[in-house]
>>> print(open('model-v7.pdb').read())   # PDB, C-alpha atoms, pLDDT in the B column
ATOM      1  CA  MET E   5      60.028 -45.898 -66.612  1.00 44.00           C
ATOM      2  CA  THR E   6      59.380 -44.841 -70.205  1.00 45.00           C
ATOM      3  CA  SER E   7      56.646 -46.231 -72.402  1.00 47.00           C
ATOM      4  CA  SER E   8      57.579 -48.495 -75.302  1.00 49.00           C
ATOM      5  CA  ARG E   9      54.629 -47.150 -77.318  1.00 50.00           C
ATOM      6  CA  PRO E  10      55.345 -44.587 -80.069  1.00 45.00           C
ATOM      7  CA  LEU E  11      54.171 -41.062 -79.305  1.00 33.00           C
ATOM      8  CA  HIS E  12      51.764 -41.020 -82.249  1.00 41.00           C
ATOM      9  CA  TYR E  13      50.237 -44.278 -80.986  1.00 45.00           C
ATOM     10  CA  MET E  14      49.562 -42.834 -77.536  1.00 45.00           C
ATOM     11  CA  ALA E  15      48.336 -39.543 -79.014  1.00 48.00           C
ATOM     12  CA  LYS E  16      45.802 -41.407 -81.152  1.00 56.00           C
ATOM     13  CA  HIS E  17      44.256 -43.136 -78.136  1.00 58.00           C
ATOM     14  CA  THR E  18      44.305 -39.934 -76.083  1.00 71.00           C
ATOM     15  CA  CYS E  19      42.518 -38.067 -78.869  1.00 79.00           C
ATOM     16  CA  LEU E  20      39.868 -40.782 -79.089  1.00 82.00           C
ATOM     17  CA  LEU E  21      39.368 -40.627 -75.339  1.00 85.00           C
ATOM     18  CA  HIS E  22      38.978 -36.848 -75.399  1.00 85.00           C
ATOM     19  CA  GLN E  23      36.384 -37.148 -78.150  1.00 88.00           C
ATOM     20  CA  LEU E  24      34.238 -39.799 -76.489  1.00 92.00           C
ATOM     21  CA  LEU E  25      34.173 -38.706 -72.845  1.00 92.00           C
ATOM     22  CA  PRO E  26      32.542 -35.296 -73.492  1.00 92.00           C
ATOM     23  CA  LEU E  27      29.876 -37.085 -75.532  1.00 93.00           C
ATOM     24  CA  MET E  28      29.247 -39.425 -72.623  1.00 95.00           C
ATOM     25  CA  LEU E  29      28.981 -36.528 -70.180  1.00 92.00           C
ATOM     26  CA  LYS E  30      26.398 -34.923 -72.492  1.00 94.00           C
ATOM     27  CA  ASP E  31      24.538 -38.255 -72.750  1.00 95.00           C
ATOM     28  CA  VAL E  32      24.876 -38.340 -76.529  1.00 94.00           C
ATOM     29  CA  PRO E  33      23.464 -41.696 -77.700  1.00 94.00           C
ATOM     30  CA  PHE E  34      25.854 -44.280 -79.068  1.00 94.00           C
ATOM     31  CA  ASP E  35      24.017 -45.036 -82.291  1.00 92.00           C
ATOM     32  CA  ALA E  36      24.507 -45.378 -86.039  1.00 91.00           C
ATOM     33  CA  LYS E  37      24.783 -41.612 -86.482  1.00 90.00           C
ATOM     34  CA  LEU E  38      27.686 -41.359 -84.059  1.00 90.00           C
ATOM     35  CA  ALA E  39      29.306 -44.412 -85.622  1.00 88.00           C
ATOM     36  CA  ALA E  40      29.070 -42.817 -89.067  1.00 86.00           C
ATOM     37  CA  SER E  41      30.651 -39.595 -87.842  1.00 82.00           C
ATOM     38  CA  THR E  42      33.436 -41.589 -86.213  1.00 76.00           C
ATOM     39  CA  THR E  43      34.273 -43.518 -89.369  1.00 64.00           C
ATOM     40  CA  THR E  44      34.303 -40.374 -91.510  1.00 55.00           C
ATOM     41  CA  THR E  45      36.946 -38.759 -89.303  1.00 57.00           C
ATOM     42  CA  THR E  46      39.279 -41.754 -89.416  1.00 56.00           C
ATOM     43  CA  THR E  47      40.653 -43.865 -92.239  1.00 53.00           C
ATOM     44  CA  HIS E  48      40.534 -47.096 -90.255  1.00 67.00           C
ATOM     45  CA  ASN E  49      38.759 -48.712 -87.346  1.00 73.00           C
ATOM     46  CA  PRO E  50      39.909 -46.645 -84.347  1.00 80.00           C
ATOM     47  CA  PHE E  51      38.944 -49.249 -81.784  1.00 91.00           C
ATOM     48  CA  THR E  52      41.507 -51.715 -80.549  1.00 92.00           C
ATOM     49  CA  VAL E  53      41.590 -53.744 -77.360  1.00 94.00           C
ATOM     50  CA  GLU E  54      43.779 -51.095 -75.784  1.00 93.00           C
ATOM     51  CA  SER E  55      41.677 -48.115 -76.864  1.00 93.00           C
ATOM     52  CA  VAL E  56      38.416 -49.716 -75.717  1.00 95.00           C
ATOM     53  CA  SER E  57      40.021 -50.661 -72.401  1.00 96.00           C
ATOM     54  CA  ASN E  58      41.311 -47.107 -71.932  1.00 94.00           C
ATOM     55  CA  VAL E  59      37.857 -45.637 -72.472  1.00 95.00           C
ATOM     56  CA  LEU E  60      36.295 -48.029 -69.960  1.00 96.00           C
ATOM     57  CA  LYS E  61      39.077 -47.358 -67.440  1.00 95.00           C
ATOM     58  CA  SER E  62      38.450 -43.618 -67.672  1.00 95.00           C
ATOM     59  CA  ILE E  63      34.722 -43.776 -66.922  1.00 96.00           C
ATOM     60  CA  PRO E  64      35.024 -44.326 -63.132  1.00 94.00           C
ATOM     61  CA  ARG E  65      37.481 -41.442 -62.878  1.00 92.00           C
ATOM     62  CA  PHE E  66      35.168 -39.004 -64.659  1.00 92.00           C
ATOM     63  CA  PHE E  67      31.790 -40.215 -63.406  1.00 94.00           C
ATOM     64  CA  PHE E  68      32.281 -41.885 -60.024  1.00 91.00           C
ATOM     65  CA  SER E  69      35.074 -39.942 -58.336  1.00 81.00           C
ATOM     66  CA  SER E  70      35.112 -36.655 -56.482  1.00 66.00           C
ATOM     67  CA  PRO E  71      38.127 -34.488 -55.617  1.00 52.00           C
ATOM     68  CA  ARG E  72      36.778 -34.419 -52.053  1.00 52.00           C
ATOM     69  CA  SER E  73      36.897 -38.182 -51.728  1.00 47.00           C
ATOM     70  CA  ILE E  74      39.619 -39.563 -49.473  1.00 41.00           C
ATOM     71  CA  SER E  75      40.020 -42.523 -51.785  1.00 45.00           C
ATOM     72  CA  CYS E  76      41.216 -40.161 -54.520  1.00 47.00           C
ATOM     73  CA  GLN E  77      44.237 -38.993 -52.569  1.00 48.00           C
ATOM     74  CA  ASN E  78      47.611 -40.055 -53.884  1.00 52.00           C
ATOM     75  CA  GLY E  79      50.624 -41.082 -51.883  1.00 48.00           C
ATOM     76  CA  PHE E  80      51.585 -43.804 -49.466  1.00 43.00           C
ATOM     77  CA  ARG E  81      49.794 -42.606 -46.336  1.00 45.00           C
ATOM     78  CA  HIS E  82      48.038 -45.456 -44.572  1.00 43.00           C
ATOM     79  CA  ARG E  83      44.282 -45.138 -44.815  1.00 48.00           C
ATOM     80  CA  THR E  84      41.816 -46.642 -42.356  1.00 49.00           C
ATOM     81  CA  PRO E  85      39.928 -49.528 -43.994  1.00 52.00           C
ATOM     82  CA  LEU E  86      36.395 -48.766 -45.125  1.00 60.00           C
ATOM     83  CA  LYS E  87      33.558 -50.018 -42.974  1.00 67.00           C
ATOM     84  CA  GLN E  88      31.190 -52.512 -44.537  1.00 80.00           C
ATOM     85  CA  ARG E  89      28.689 -50.513 -46.544  1.00 84.00           C
ATOM     86  CA  ASN E  90      24.982 -51.190 -46.893  1.00 80.00           C
ATOM     87  CA  LEU E  91      23.919 -50.347 -50.440  1.00 84.00           C
ATOM     88  CA  ASN E  92      20.215 -50.695 -49.643  1.00 78.00           C
ATOM     89  CA  LYS E  93      20.509 -48.207 -46.784  1.00 84.00           C
ATOM     90  CA  GLU E  94      22.525 -45.816 -48.937  1.00 79.00           C
ATOM     91  CA  SER E  95      19.875 -45.963 -51.671  1.00 80.00           C
ATOM     92  CA  PHE E  96      17.138 -45.344 -49.104  1.00 81.00           C
ATOM     93  CA  ASN E  97      18.971 -42.309 -47.722  1.00 82.00           C
ATOM     94  CA  ILE E  98      19.490 -40.900 -51.213  1.00 79.00           C
ATOM     95  CA  ARG E  99      15.817 -41.316 -52.140  1.00 81.00           C
ATOM     96  CA  ASN E 100      14.658 -39.687 -48.916  1.00 81.00           C
ATOM     97  CA  ASN E 101      17.288 -36.938 -48.862  1.00 81.00           C
ATOM     98  CA  LEU E 102      18.749 -38.205 -45.588  1.00 78.00           C
ATOM     99  CA  LEU E 103      22.286 -37.855 -44.275  1.00 80.00           C
ATOM    100  CA  LEU E 104      24.698 -39.972 -46.266  1.00 76.00           C
ATOM    101  CA  LEU E 105      28.084 -40.945 -44.856  1.00 77.00           C
ATOM    102  CA  GLY E 106      31.095 -42.751 -46.251  1.00 75.00           C
ATOM    103  CA  PRO E 107      32.262 -42.935 -49.884  1.00 76.00           C
ATOM    104  CA  ALA E 108      28.722 -42.529 -51.242  1.00 76.00           C
ATOM    105  CA  ALA E 109      28.550 -39.038 -49.729  1.00 78.00           C
ATOM    106  CA  TYR E 110      31.188 -37.849 -52.205  1.00 81.00           C
ATOM    107  CA  ARG E 111      29.399 -39.134 -55.283  1.00 86.00           C
ATOM    108  CA  ASP E 112      26.682 -37.697 -57.450  1.00 88.00           C
ATOM    109  CA  PRO E 113      24.228 -40.618 -57.814  1.00 89.00           C
ATOM    110  CA  HIS E 114      22.860 -39.234 -61.073  1.00 91.00           C
ATOM    111  CA  LYS E 115      26.352 -39.002 -62.524  1.00 94.00           C
ATOM    112  CA  VAL E 116      27.147 -42.539 -61.389  1.00 93.00           C
ATOM    113  CA  THR E 117      23.985 -43.816 -63.083  1.00 94.00           C
ATOM    114  CA  LEU E 118      24.903 -41.935 -66.251  1.00 96.00           C
ATOM    115  CA  GLY E 119      28.422 -43.360 -66.204  1.00 96.00           C
ATOM    116  CA  LEU E 120      27.151 -46.926 -65.907  1.00 97.00           C
ATOM    117  CA  LYS E 121      24.638 -46.330 -68.683  1.00 97.00           C
ATOM    118  CA  LYS E 122      27.189 -44.868 -71.088  1.00 97.00           C
ATOM    119  CA  ALA E 123      29.757 -47.563 -70.295  1.00 97.00           C
ATOM    120  CA  ILE E 124      27.470 -50.427 -71.278  1.00 97.00           C
ATOM    121  CA  GLU E 125      26.211 -48.457 -74.296  1.00 97.00           C
ATOM    122  CA  PHE E 126      29.792 -47.955 -75.460  1.00 97.00           C
ATOM    123  CA  TYR E 127      30.642 -51.607 -74.804  1.00 97.00           C
ATOM    124  CA  HIS E 128      27.881 -52.836 -77.112  1.00 97.00           C
ATOM    125  CA  TRP E 129      28.272 -49.954 -79.592  1.00 96.00           C
ATOM    126  CA  VAL E 130      31.833 -50.790 -80.614  1.00 96.00           C
ATOM    127  CA  GLU E 131      30.736 -54.379 -81.044  1.00 94.00           C
ATOM    128  CA  SER E 132      27.617 -53.660 -83.107  1.00 94.00           C
ATOM    129  CA  PHE E 133      28.845 -50.857 -85.370  1.00 93.00           C
ATOM    130  CA  PHE E 134      32.573 -51.552 -85.689  1.00 92.00           C
ATOM    131  CA  GLY E 135      32.662 -55.337 -85.535  1.00 92.00           C
ATOM    132  CA  PHE E 136      34.892 -55.176 -82.479  1.00 94.00           C
ATOM    133  CA  ASP E 137      35.466 -58.541 -80.820  1.00 94.00           C
ATOM    134  CA  HIS E 138      35.608 -58.125 -77.083  1.00 96.00           C
ATOM    135  CA  THR E 139      38.329 -59.941 -75.196  1.00 95.00           C
ATOM    136  CA  GLU E 140      38.749 -60.995 -71.606  1.00 96.00           C
ATOM    137  CA  LEU E 141      40.531 -57.694 -70.972  1.00 97.00           C
ATOM    138  CA  THR E 142      37.712 -55.464 -72.214  1.00 97.00           C
ATOM    139  CA  CYS E 143      35.138 -57.660 -70.477  1.00 97.00           C
ATOM    140  CA  ARG E 144      37.119 -57.357 -67.248  1.00 97.00           C
ATOM    141  CA  GLU E 145      37.293 -53.569 -67.543  1.00 98.00           C
ATOM    142  CA  MET E 146      33.527 -53.403 -68.056  1.00 98.00           C
ATOM    143  CA  ALA E 147      32.999 -55.594 -64.993  1.00 98.00           C
ATOM    144  CA  ILE E 148      35.253 -53.282 -62.980  1.00 97.00           C
ATOM    145  CA  VAL E 149      33.115 -50.320 -64.056  1.00 98.00           C
ATOM    146  CA  PHE E 150      30.062 -52.066 -62.599  1.00 98.00           C
ATOM    147  CA  ALA E 151      31.967 -52.874 -59.403  1.00 96.00           C
ATOM    148  CA  LYS E 152      33.254 -49.317 -58.967  1.00 95.00           C
ATOM    149  CA  GLY E 153      29.764 -48.047 -59.707  1.00 95.00           C
ATOM    150  CA  ASN E 154      28.531 -50.274 -56.861  1.00 94.00           C
ATOM    151  CA  ASN E 155      26.016 -51.916 -59.184  1.00 94.00           C
ATOM    152  CA  ARG E 156      25.950 -55.467 -57.869  1.00 93.00           C
ATOM    153  CA  LYS E 157      23.027 -56.697 -59.969  1.00 94.00           C
ATOM    154  CA  GLY E 158      24.408 -55.079 -63.103  1.00 96.00           C
ATOM    155  CA  LEU E 159      27.748 -56.778 -62.496  1.00 97.00           C
ATOM    156  CA  TRP E 160      26.216 -60.212 -62.017  1.00 96.00           C
ATOM    157  CA  ASP E 161      23.894 -59.873 -65.009  1.00 97.00           C
ATOM    158  CA  PHE E 162      26.767 -58.716 -67.200  1.00 97.00           C
ATOM    159  CA  LEU E 163      29.080 -61.559 -66.178  1.00 97.00           C
ATOM    160  CA  LYS E 164      26.289 -64.080 -66.667  1.00 96.00           C
ATOM    161  CA  GLN E 165      25.496 -62.723 -70.121  1.00 95.00           C
ATOM    162  CA  MET E 166      29.125 -62.699 -71.232  1.00 96.00           C
ATOM    163  CA  SER E 167      29.840 -66.158 -69.808  1.00 95.00           C
ATOM    164  CA  THR E 168      26.994 -67.734 -71.801  1.00 93.00           C
ATOM    165  CA  ARG E 169      28.127 -66.429 -75.178  1.00 91.00           C
ATOM    166  CA  PRO E 170      28.931 -69.342 -77.503  1.00 85.00           C
ATOM    167  CA  ASN E 171      32.604 -70.155 -78.039  1.00 76.00           C
ATOM    168  CA  SER E 172      33.528 -67.354 -75.679  1.00 77.00           C
ATOM    169  CA  GLN E 173      36.250 -67.058 -73.079  1.00 89.00           C
ATOM    170  CA  LEU E 174      35.298 -63.540 -72.044  1.00 95.00           C
ATOM    171  CA  VAL E 175      34.699 -64.375 -68.388  1.00 96.00           C
ATOM    172  CA  THR E 176      37.535 -66.166 -66.654  1.00 96.00           C
ATOM    173  CA  THR E 177      38.570 -66.705 -63.065  1.00 96.00           C
ATOM    174  CA  SER E 178      40.758 -63.613 -63.403  1.00 96.00           C
ATOM    175  CA  THR E 179      37.760 -61.543 -64.545  1.00 97.00           C
ATOM    176  CA  VAL E 180      35.667 -62.446 -61.517  1.00 97.00           C
ATOM    177  CA  THR E 181      38.616 -62.180 -59.134  1.00 97.00           C
ATOM    178  CA  CYS E 182      39.335 -58.611 -60.256  1.00 97.00           C
ATOM    179  CA  SER E 183      35.679 -57.731 -59.656  1.00 97.00           C
ATOM    180  CA  ILE E 184      35.853 -59.224 -56.154  1.00 97.00           C
ATOM    181  CA  LYS E 185      38.994 -57.216 -55.417  1.00 96.00           C
ATOM    182  CA  VAL E 186      37.358 -53.952 -56.492  1.00 95.00           C
ATOM    183  CA  LEU E 187      34.211 -54.666 -54.471  1.00 95.00           C
ATOM    184  CA  GLY E 188      36.363 -55.235 -51.398  1.00 93.00           C
ATOM    185  CA  GLU E 189      38.198 -51.963 -51.985  1.00 91.00           C
ATOM    186  CA  GLN E 190      34.821 -50.225 -52.211  1.00 90.00           C
ATOM    187  CA  GLY E 191      33.874 -51.466 -48.744  1.00 89.00           C
ATOM    188  CA  LEU E 192      31.430 -54.008 -50.156  1.00 93.00           C
ATOM    189  CA  ALA E 193      32.662 -57.163 -48.458  1.00 92.00           C
ATOM    190  CA  ASN E 194      29.277 -58.902 -48.562  1.00 92.00           C
ATOM    191  CA  GLU E 195      28.960 -58.230 -52.285  1.00 94.00           C
ATOM    192  CA  ALA E 196      32.521 -59.461 -52.832  1.00 95.00           C
ATOM    193  CA  LEU E 197      31.776 -62.702 -50.995  1.00 95.00           C
ATOM    194  CA  ALA E 198      28.490 -63.174 -52.867  1.00 96.00           C
ATOM    195  CA  THR E 199      30.307 -62.706 -56.180  1.00 96.00           C
ATOM    196  CA  PHE E 200      32.861 -65.311 -55.112  1.00 97.00           C
ATOM    197  CA  TYR E 201      30.052 -67.789 -54.401  1.00 96.00           C
ATOM    198  CA  ARG E 202      28.618 -67.120 -57.869  1.00 96.00           C
ATOM    199  CA  MET E 203      31.794 -68.097 -59.689  1.00 95.00           C
ATOM    200  CA  LYS E 204      30.326 -71.432 -60.751  1.00 92.00           C
ATOM    201  CA  GLN E 205      27.404 -69.639 -62.382  1.00 93.00           C
ATOM    202  CA  PHE E 206      29.958 -67.881 -64.571  1.00 94.00           C
ATOM    203  CA  TYR E 207      31.653 -71.216 -65.369  1.00 92.00           C
ATOM    204  CA  CYS E 208      34.769 -70.254 -63.425  1.00 95.00           C
ATOM    205  CA  LYS E 209      36.736 -72.192 -60.852  1.00 94.00           C
ATOM    206  CA  PRO E 210      38.398 -70.231 -58.026  1.00 95.00           C
ATOM    207  CA  ASP E 211      42.152 -70.545 -57.696  1.00 96.00           C
ATOM    208  CA  VAL E 212      44.517 -69.729 -54.842  1.00 96.00           C
ATOM    209  CA  TYR E 213      44.673 -66.070 -55.821  1.00 97.00           C
ATOM    210  CA  ALA E 214      40.869 -65.828 -55.832  1.00 96.00           C
ATOM    211  CA  TYR E 215      40.731 -67.233 -52.292  1.00 96.00           C
ATOM    212  CA  ASN E 216      43.370 -64.747 -51.149  1.00 96.00           C
ATOM    213  CA  VAL E 217      41.482 -61.864 -52.751  1.00 96.00           C
ATOM    214  CA  VAL E 218      38.182 -62.738 -51.097  1.00 95.00           C
ATOM    215  CA  ILE E 219      39.918 -63.100 -47.717  1.00 94.00           C
ATOM    216  CA  ASN E 220      41.487 -59.668 -48.176  1.00 92.00           C
ATOM    217  CA  ALA E 221      38.096 -58.242 -49.167  1.00 90.00           C
ATOM    218  CA  LEU E 222      36.606 -59.502 -45.910  1.00 88.00           C
ATOM    219  CA  CYS E 223      39.460 -57.889 -43.975  1.00 85.00           C
ATOM    220  CA  TYR E 224      39.112 -54.381 -45.435  1.00 68.00           C
TER
END
>>> encode(input="model-v7.pdb", output="structure tokens")
Amino acid sequence: MTSSRPLHYMAKHTCLLHQLLPLMLKDVPFDAKLAASTTTTTTHNPFTVESVSNVLKSIPRFFFSSPRSISCQNGFRHRTPLKQRNLNKESFNIRNNLLLLGPAAYRDPHKVTLGLKKAIEFYHWVESFFGFDHTELTCREMAIVFAKGNNRKGLWDFLKQMSTRPNSQLVTTSTVTCSIKVLGEQGLANEALATFYRMKQFYCKPDVYAYNVVINALCY
């Protein structure tokens, strides 16, 4: 299937992605100085819903994944479902340099922390310095970053903050449902179920698809 986007359109977003990700890896602050340098290299606001979403989508791939991880393998081979993970135990093992098994063993915790930090910095940076209005799509992608980064509290705090913005429809049932789905895929069934129970706090009402997703999350 071929893309309906013009080549120059895709090249523009790819170039932007290649400029920002190295800065994130180097932990360059997203501040007024970086915003000024960005505007001087372009004749217009480079940030659209699609470009912001693409940057957020790329963060888990560059910060959370490892080529050794089974979950990174492509193809249609059936994979054994992940066992329910205990984030508190994983954190304890990391702090005490103990044996770590499962998906967390293939991650660099410092890189994961950096990825989460730069993602939320970028999210607020485009809003503060470029007047970008976040949509449900960009909010959903940011929530997915938290879920893939296994940051349960960060996810809940973010959804709560976005859902209480005045005249905002940033957090919808679809937003929370996607987060639940990702948590289930990460082997975090308890976190997925807890997020489902918190839907009302985010002013969302579960639908049939949300119920199906949480059931699937419990069956991983």
>>> resolve_selection(input="model-v7.pdb", expression="the PyMOL selection byres ((chain E and resi 129) around 12)", output="list in words")
Pro33, Phe34, Asp35, Ala36, Lys37, Leu38, Ala39, Ala40, Thr42, Phe51, Val56, Lys122, Ala123, Ile124, Glu125, Phe126, Tyr127, His128, Val130, Glu131, Ser132, Phe133, Phe134, Gly135, Phe136, Asp137 and His138 of chain E
>>> closest_residue(input="model-v7.pdb", among="E:Leu29, E:Ala108, E:Leu141, E:Leu159", to="Gln173 (chain E)", atoms="all atoms listed in the file")
E:Leu141
>>> residues_around(input="model-v7.pdb", residues="Met146 (chain E)", least_positions_apart="2", cutoff="8 Å", atoms="only C-alpha atoms", output="list in words")
Leu60, Ala123, Ile124, Tyr127, Thr142, Cys143, Arg144, Ile148, Val149 and Phe150 of chain E
>>> atom_distance(input="model-v7.pdb", atom1="CA of Glu195 (chain E)", atom2="CA of Asn171 (chain E)")
28.6 Å
>>> residues_around(input="model-v7.pdb", residues="region 114-120 of chain E", least_positions_apart="5", cutoff="8 Å", atoms="all atoms listed in the file", output="compact mmCIF listing (two decimals) with C-alpha atoms, in the coordinates of the input")
# COMPACT_ATOMS: atom_id res chain seq x y z
CA MET E 28 29.25 -39.42 -72.62
CA LEU E 29 28.98 -36.53 -70.18
CA ASP E 31 24.54 -38.26 -72.75
CA ILE E 63 34.72 -43.78 -66.92
CA PRO E 64 35.02 -44.33 -63.13
CA PHE E 67 31.79 -40.22 -63.41
CA PHE E 68 32.28 -41.88 -60.02
CA VAL E 149 33.12 -50.32 -64.06
CA PHE E 150 30.06 -52.07 -62.60
CA GLY E 153 29.76 -48.05 -59.71
>>> atom_distance(input="model-v7.pdb", atom1="CA of Cys208 (chain E)", atom2="CA of Ala193 (chain E)")
20.0 Å
>>> atom_distance(input="model-v7.pdb", atom1="CA of Ser57 (chain E)", atom2="CA of Tyr201 (chain E)")
26.8 Å
>>> axis_aligned_box(input="model-v7.pdb", around="region 113-129 of chain E", padding_each_side="3 Å", output="JSON")
{"center_x": 26.8, "center_y": -45.9, "center_z": -68.7, "size_x": 13.8, "size_y": 19.8, "size_z": 27.8}
>>> closest_residue(input="model-v7.pdb", among="E:Asn49, E:Ser178, E:Ser183, E:Gln23", to="Phe162 (chain E)", atoms="all atoms listed in the file")
E:Ser183
>>> residues_near_point(input="model-v7.pdb", point="(42.1, -68.0, -58.6)", cutoff="7 Å", atoms="all atoms listed in the file", output="NGL selection string")
:E and (177-178 or 181 or 210-215)
>>> resolve_selection(input="model-v7.pdb", expression="the PyMOL selection byres ((chain E and resi 192) around 12)", output="PDB file with C-alpha atoms, in the frame of the given file")
ATOM      1  CA  PRO E  85      39.928 -49.528 -43.994  1.00 52.00           C
ATOM      2  CA  LEU E  86      36.395 -48.766 -45.125  1.00 60.00           C
ATOM      3  CA  LYS E  87      33.558 -50.018 -42.974  1.00 67.00           C
ATOM      4  CA  GLN E  88      31.190 -52.512 -44.537  1.00 80.00           C
ATOM      5  CA  ARG E  89      28.689 -50.513 -46.544  1.00 84.00           C
ATOM      6  CA  ASN E  90      24.982 -51.190 -46.893  1.00 80.00           C
ATOM      7  CA  LEU E  91      23.919 -50.347 -50.440  1.00 84.00           C
ATOM      8  CA  ASN E  92      20.215 -50.695 -49.643  1.00 78.00           C
ATOM      9  CA  GLY E 106      31.095 -42.751 -46.251  1.00 75.00           C
ATOM     10  CA  PRO E 107      32.262 -42.935 -49.884  1.00 76.00           C
ATOM     11  CA  ALA E 108      28.722 -42.529 -51.242  1.00 76.00           C
ATOM     12  CA  ALA E 151      31.967 -52.874 -59.403  1.00 96.00           C
ATOM     13  CA  LYS E 152      33.254 -49.317 -58.967  1.00 95.00           C
ATOM     14  CA  GLY E 153      29.764 -48.047 -59.707  1.00 95.00           C
ATOM     15  CA  ASN E 154      28.531 -50.274 -56.861  1.00 94.00           C
ATOM     16  CA  ASN E 155      26.016 -51.916 -59.184  1.00 94.00           C
ATOM     17  CA  ARG E 156      25.950 -55.467 -57.869  1.00 93.00           C
ATOM     18  CA  SER E 183      35.679 -57.731 -59.656  1.00 97.00           C
ATOM     19  CA  ILE E 184      35.853 -59.224 -56.154  1.00 97.00           C
ATOM     20  CA  LYS E 185      38.994 -57.216 -55.417  1.00 96.00           C
ATOM     21  CA  VAL E 186      37.358 -53.952 -56.492  1.00 95.00           C
ATOM     22  CA  LEU E 187      34.211 -54.666 -54.471  1.00 95.00           C
ATOM     23  CA  GLY E 188      36.363 -55.235 -51.398  1.00 93.00           C
ATOM     24  CA  GLU E 189      38.198 -51.963 -51.985  1.00 91.00           C
ATOM     25  CA  GLN E 190      34.821 -50.225 -52.211  1.00 90.00           C
ATOM     26  CA  GLY E 191      33.874 -51.466 -48.744  1.00 89.00           C
ATOM     27  CA  ALA E 193      32.662 -57.163 -48.458  1.00 92.00           C
ATOM     28  CA  ASN E 194      29.277 -58.902 -48.562  1.00 92.00           C
ATOM     29  CA  GLU E 195      28.960 -58.230 -52.285  1.00 94.00           C
ATOM     30  CA  ALA E 196      32.521 -59.461 -52.832  1.00 95.00           C
ATOM     31  CA  LEU E 197      31.776 -62.702 -50.995  1.00 95.00           C
ATOM     32  CA  ALA E 198      28.490 -63.174 -52.867  1.00 96.00           C
ATOM     33  CA  THR E 199      30.307 -62.706 -56.180  1.00 96.00           C
ATOM     34  CA  VAL E 218      38.182 -62.738 -51.097  1.00 95.00           C
ATOM     35  CA  ASN E 220      41.487 -59.668 -48.176  1.00 92.00           C
ATOM     36  CA  ALA E 221      38.096 -58.242 -49.167  1.00 90.00           C
ATOM     37  CA  LEU E 222      36.606 -59.502 -45.910  1.00 88.00           C
ATOM     38  CA  CYS E 223      39.460 -57.889 -43.975  1.00 85.00           C
ATOM     39  CA  TYR E 224      39.112 -54.381 -45.435  1.00 68.00           C
TER      40      TYR E 224
END
>>> resolve_selection(input="model-v7.pdb", expression="the PyMOL selection byres ((chain E and resi 109) around 10)", output="list of chain:residue names")
E:Ser70, E:Arg72, E:Ser73, E:Glu94, E:Ile98, E:Leu103, E:Leu104, E:Leu105, E:Gly106, E:Pro107, E:Ala108, E:Tyr110, E:Arg111, E:Asp112, E:Pro113
>>> decode(input="model-v7.pdb", residues="region 173-184 of chain E", atoms="N, CA and C atoms", output="CSV table (one decimal), in the first residue's frame")
chain,number,residue,atom,x,y,z
E,173,GLN,N,-11.3,18.4,25.3
E,173,GLN,CA,-11.7,17.0,25.1
E,173,GLN,C,-10.5,16.2,24.8
E,174,LEU,N,-9.4,16.4,25.5
E,174,LEU,CA,-8.2,15.7,25.3
E,174,LEU,C,-8.2,14.3,25.7
E,175,VAL,N,-8.9,14.0,26.8
E,175,VAL,CA,-9.0,12.7,27.3
E,175,VAL,C,-10.4,12.1,27.0
E,176,THR,N,-10.4,11.1,26.2
E,176,THR,CA,-11.7,10.5,25.9
E,176,THR,C,-11.6,9.0,26.3
E,177,THR,N,-12.7,8.3,26.1
E,177,THR,CA,-12.8,6.9,26.4
E,177,THR,C,-11.7,6.1,25.5
E,178,SER,N,-11.5,6.6,24.3
E,178,SER,CA,-10.6,6.0,23.4
E,178,SER,C,-9.1,6.2,24.0
E,179,THR,N,-8.9,7.3,24.5
E,179,THR,CA,-7.5,7.6,25.1
E,179,THR,C,-7.2,6.6,26.2
E,180,VAL,N,-8.1,6.5,27.1
E,180,VAL,CA,-7.9,5.6,28.3
E,180,VAL,C,-7.9,4.1,27.8
E,181,THR,N,-8.7,3.8,26.9
E,181,THR,CA,-8.8,2.4,26.4
E,181,THR,C,-7.4,2.0,25.7
E,182,CYS,N,-6.9,2.9,25.0
E,182,CYS,CA,-5.6,2.6,24.3
E,182,CYS,C,-4.5,2.4,25.4
E,183,SER,N,-4.5,3.2,26.5
E,183,SER,CA,-3.6,3.1,27.6
E,183,SER,C,-3.7,1.7,28.2
E,184,ILE,N,-5.0,1.3,28.4
E,184,ILE,CA,-5.2,0.0,29.1
E,184,ILE,C,-4.7,-1.1,28.2
